[in-house]
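Source file: protein_24.pdb; contents: PDB, C-alpha atoms, pLDDT in the B column.
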MODEL        1
ATOM      1  CA  PRO J   1     -22.937  14.618   3.404  1.00 87.00           C
ATOM      2  CA  GLN J   2     -21.538  11.210   4.324  1.00 90.00           C
ATOM      3  CA  GLU J   3     -19.294  10.791   1.282  1.00 92.00           C
ATOM      4  CA  HIS J   4     -15.657  11.650   1.975  1.00 95.00           C
ATOM      5  CA  THR J   5     -15.118  13.212  -1.452  1.00 95.00           C
ATOM      6  CA  TYR J   6     -17.340  16.185  -0.601  1.00 96.00           C
ATOM      7  CA  TYR J   7     -15.016  17.128   2.251  1.00 98.00           C
ATOM      8  CA  LEU J   8     -11.816  16.146   0.444  1.00 97.00           C
ATOM      9  CA  LYS J   9     -12.471  18.318  -2.600  1.00 97.00           C
ATOM     10  CA  ARG J  10     -13.420  21.326  -0.475  1.00 98.00           C
ATOM     11  CA  ALA J  11     -10.377  20.847   1.770  1.00 98.00           C
ATOM     12  CA  ALA J  12      -8.093  20.699  -1.263  1.00 97.00           C
ATOM     13  CA  LEU J  13      -9.684  23.845  -2.677  1.00 98.00           C
ATOM     14  CA  PHE J  14      -9.160  25.780   0.553  1.00 98.00           C
ATOM     15  CA  PHE J  15      -5.599  24.424   0.807  1.00 98.00           C
ATOM     16  CA  ASP J  16      -4.848  25.690  -2.696  1.00 98.00           C
ATOM     17  CA  GLN J  17      -6.272  29.071  -1.707  1.00 98.00           C
ATOM     18  CA  LYS J  18      -4.066  29.101   1.425  1.00 98.00           C
ATOM     19  CA  GLN J  19      -7.175  29.148   3.658  1.00 98.00           C
ATOM     20  CA  LEU J  20      -5.733  26.547   5.986  1.00 98.00           C
ATOM     21  CA  ASP J  21      -8.103  27.294   8.878  1.00 97.00           C
ATOM     22  CA  LYS J  22     -10.993  26.238   6.621  1.00 98.00           C
ATOM     23  CA  ALA J  23      -9.126  23.349   5.011  1.00 98.00           C
ATOM     24  CA  GLU J  24      -8.173  21.481   8.189  1.00 98.00           C
ATOM     25  CA  PRO J  25     -11.634  20.607   9.580  1.00 98.00           C
ATOM     26  CA  LEU J  26     -12.796  19.540   6.121  1.00 98.00           C
ATOM     27  CA  ALA J  27      -9.734  17.356   5.623  1.00 98.00           C
ATOM     28  CA  ARG J  28     -10.320  15.767   9.033  1.00 98.00           C
ATOM     29  CA  LYS J  29     -13.922  14.985   8.080  1.00 98.00           C
ATOM     30  CA  ALA J  30     -12.718  13.438   4.831  1.00 98.00           C
ATOM     31  CA  VAL J  31     -10.337  11.182   6.762  1.00 98.00           C
ATOM     32  CA  GLU J  32     -13.074  10.176   9.212  1.00 97.00           C
ATOM     33  CA  ARG J  33     -15.348   9.097   6.349  1.00 97.00           C
ATOM     34  CA  ALA J  34     -12.753   7.489   4.067  1.00 96.00           C
ATOM     35  CA  TYR J  35     -11.589   3.891   3.797  1.00 91.00           C
ATOM     36  CA  GLY J  36      -9.077   1.908   1.754  1.00 88.00           C
ATOM     37  CA  GLU J  37      -7.278   3.872  -0.936  1.00 91.00           C
ATOM     38  CA  ASN J  38      -9.548   6.828  -0.263  1.00 94.00           C
ATOM     39  CA  LEU J  39      -8.145   7.002   3.247  1.00 97.00           C
ATOM     40  CA  VAL J  40      -4.696   7.541   1.801  1.00 97.00           C
ATOM     41  CA  ASP J  41      -5.932  10.330  -0.509  1.00 96.00           C
ATOM     42  CA  SER J  42      -7.688  12.062   2.363  1.00 98.00           C
ATOM     43  CA  THR J  43      -4.746  11.681   4.725  1.00 98.00           C
ATOM     44  CA  VAL J  44      -2.301  13.123   2.202  1.00 98.00           C
ATOM     45  CA  THR J  45      -4.463  16.230   2.018  1.00 98.00           C
ATOM     46  CA  LEU J  46      -4.762  16.439   5.804  1.00 98.00           C
ATOM     47  CA  ALA J  47      -1.010  15.984   6.275  1.00 98.00           C
ATOM     48  CA  ARG J  48      -0.266  18.701   3.718  1.00 98.00           C
ATOM     49  CA  VAL J  49      -2.631  21.096   5.481  1.00 98.00           C
ATOM     50  CA  LEU J  50      -1.187  20.331   8.899  1.00 98.00           C
ATOM     51  CA  LYS J  51       2.396  20.704   7.701  1.00 98.00           C
ATOM     52  CA  ALA J  52       1.562  24.029   6.042  1.00 98.00           C
ATOM     53  CA  GLN J  53       0.252  25.193   9.433  1.00 98.00           C
ATOM     54  CA  GLY J  54       3.470  24.142  11.140  1.00 98.00           C
ATOM     55  CA  LYS J  55       1.762  21.200  12.857  1.00 98.00           C
ATOM     56  CA  ASP J  56       4.446  18.708  11.885  1.00 98.00           C
ATOM     57  CA  GLU J  57       3.789  16.264  14.727  1.00 98.00           C
ATOM     58  CA  ASP J  58       0.071  16.173  13.906  1.00 98.00           C
ATOM     59  CA  ALA J  59       0.899  15.560  10.241  1.00 98.00           C
ATOM     60  CA  LYS J  60       3.230  12.731  11.250  1.00 98.00           C
ATOM     61  CA  ALA J  61       0.582  11.173  13.512  1.00 98.00           C
ATOM     62  CA  ALA J  62      -2.077  11.342  10.793  1.00 98.00           C
ATOM     63  CA  ALA J  63       0.300   9.759   8.290  1.00 98.00           C
ATOM     64  CA  ARG J  64       1.240   6.947  10.691  1.00 98.00           C
ATOM     65  CA  ALA J  65      -2.412   6.192  11.445  1.00 97.00           C
ATOM     66  CA  ALA J  66      -3.223   5.844   7.748  1.00 97.00           C
ATOM     67  CA  LEU J  67      -0.112   3.802   7.003  1.00 97.00           C
ATOM     68  CA  ASP J  68      -1.121   1.321   9.699  1.00 96.00           C
ATOM     69  CA  LYS J  69      -4.381   0.679   7.823  1.00 95.00           C
ATOM     70  CA  VAL J  70      -3.166   0.169   4.258  1.00 93.00           C
ATOM     71  CA  THR J  71      -1.094  -2.338   2.345  1.00 92.00           C
ATOM     72  CA  GLU J  72       1.419  -1.210  -0.218  1.00 91.00           C
ATOM     73  CA  PRO J  73       0.406  -2.095  -3.756  1.00 94.00           C
ATOM     74  CA  ALA J  74       2.512  -4.372  -5.949  1.00 94.00           C
ATOM     75  CA  ASP J  75       3.059  -1.626  -8.518  1.00 96.00           C
ATOM     76  CA  PRO J  76       5.484   0.947  -7.071  1.00 94.00           C
ATOM     77  CA  ASN J  77       4.504   3.409  -9.809  1.00 96.00           C
ATOM     78  CA  SER J  78       0.801   3.430  -8.964  1.00 96.00           C
ATOM     79  CA  HIS J  79      -0.931   6.517  -7.616  1.00 95.00           C
ATOM     80  CA  LEU J  80      -1.478   4.740  -4.284  1.00 96.00           C
ATOM     81  CA  ALA J  81       2.196   3.766  -3.972  1.00 97.00           C
ATOM     82  CA  LYS J  82       3.281   7.337  -4.628  1.00 96.00           C
ATOM     83  CA  GLN J  83       0.899   8.667  -2.000  1.00 97.00           C
ATOM     84  CA  ILE J  84       2.067   6.076   0.511  1.00 97.00           C
ATOM     85  CA  GLN J  85       5.637   7.228  -0.122  1.00 97.00           C
ATOM     86  CA  GLU J  86       4.552  10.818   0.529  1.00 97.00           C
ATOM     87  CA  LEU J  87       2.980   9.787   3.840  1.00 97.00           C
ATOM     88  CA  LYS J  88       6.164   7.961   4.827  1.00 97.00           C
ATOM     89  CA  GLY J  89       7.976  11.270   4.433  1.00 97.00           C
ATOM     90  CA  TYR J  90       6.088  12.864   7.319  1.00 96.00           C
TER
ENDMDL
END
Can you give me the file's structure in the form of structure tokens?
Amino acid sequence: PQEHTYYLKRAALFFDQKQLDKAEPLARKAVERAYGENLVDSTVTLARVLKAQGKDEDAKAAARAALDKVTEPADPNSHLAKQIQELKGY
């Protein structure tokens, strides 16, 4: 499928089940197919998976790449703003 949500939902499911080896490639596909706010959602999942695997530098790099492509919203309490703050923590 071309839609990022297919990969994002499956990656999140495998992450929740601690099947990180299955979650990572799906999360990467979600990031590749996402844009705008969806890119942030997908990257948060990828960064969580990478960090859980001990791949802190990869998580940091993924977060930086996404942050370079998005603009912070005016509302600091929005879902997007909270996810951007999470990415800044990597």
Q: Kindly provide, as a ChimeraX atom specification, the polymer residues lying within 9 Å of (-5.2, 20.6, 11.3), counting all atoms listed in the file and using the coordinates exactly as they appear in the file.
A: /J:20-21,23-25,27-28,46-47,49-51,53,55,58-59
Written as a tab-separated table (two decimals) with C-alpha atoms, in the coordinates of the input, what is the full residue list that the PyMOL selection byres ((chain J and resi 35-38) around 9) yields on the file shown?
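For reference, out-v1.tsv as written:
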chain	number	residue	atom	x	y	z
J	4	HIS	CA	-15.66	11.65	1.98
J	5	THR	CA	-15.12	13.21	-1.45
J	30	ALA	CA	-12.72	13.44	4.83
J	31	VAL	CA	-10.34	11.18	6.76
J	32	GLU	CA	-13.07	10.18	9.21
J	33	ARG	CA	-15.35	9.10	6.35
J	34	ALA	CA	-12.75	7.49	4.07
J	39	LEU	CA	-8.14	7.00	3.25
J	40	VAL	CA	-4.70	7.54	1.80
J	41	ASP	CA	-5.93	10.33	-0.51
J	42	SER	CA	-7.69	12.06	2.36
J	43	THR	CA	-4.75	11.68	4.72
J	69	LYS	CA	-4.38	0.68	7.82
J	70	VAL	CA	-3.17	0.17	4.26
J	80	LEU	CA	-1.48	4.74	-4.28
Tell me which residues the PyMOL selection byres ((chain J and resi 12) around 9) grabs here, as a compact mmCIF listing (two decimals) with C-alpha atoms, in the coordinates of the input.
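Writing done, so here's selection16.txt:
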# COMPACT_ATOMS: atom_id res chain seq x y z
CA TYR J 7 -15.02 17.13 2.25
CA LEU J 8 -11.82 16.15 0.44
CA LYS J 9 -12.47 18.32 -2.60
CA ARG J 10 -13.42 21.33 -0.48
CA ALA J 11 -10.38 20.85 1.77
CA LEU J 13 -9.68 23.84 -2.68
CA PHE J 14 -9.16 25.78 0.55
CA PHE J 15 -5.60 24.42 0.81
CA ASP J 16 -4.85 25.69 -2.70
CA GLN J 17 -6.27 29.07 -1.71
CA ALA J 23 -9.13 23.35 5.01
CA LEU J 26 -12.80 19.54 6.12
CA ALA J 27 -9.73 17.36 5.62
CA THR J 45 -4.46 16.23 2.02
CA LEU J 46 -4.76 16.44 5.80
CA VAL J 49 -2.63 21.10 5.48
Q: Have a look at J:Tyr90, J:Tyr6, J:Lys18, J:Asn77 and name the one nearest to Asp56 in chain J; count all atoms listed in the file.
A: J:Tyr90
Q. In Å, how far is it from CA of Lys22 in chain J to CA of Val44 in chain J?
A.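 Computed distance, CA of Lys22 in chain J to CA of Val44 in chain J, equals 16.3 Å.
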Q: May I ask for the distance between CA of Ala61 in chain J and CA of Ile84 in chain J, given in Å to one decimal place?
A: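 Spanning CA of Ala61 in chain J to CA of Ile84 in chain J is a straight-line distance of 14.0 Å.
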Q | d(CA of Ala62 in chain J, CA of Gln2 in chain J) in Å | A |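 Distance between the two atoms: 20.5 Å.
With all atoms listed in the file as the atoms that count, the minimum distance from Arg64 in chain J to the choices J:Pro1, J:Ser78, J:Lys88, J:Ala52 is reached by J:Lys88.
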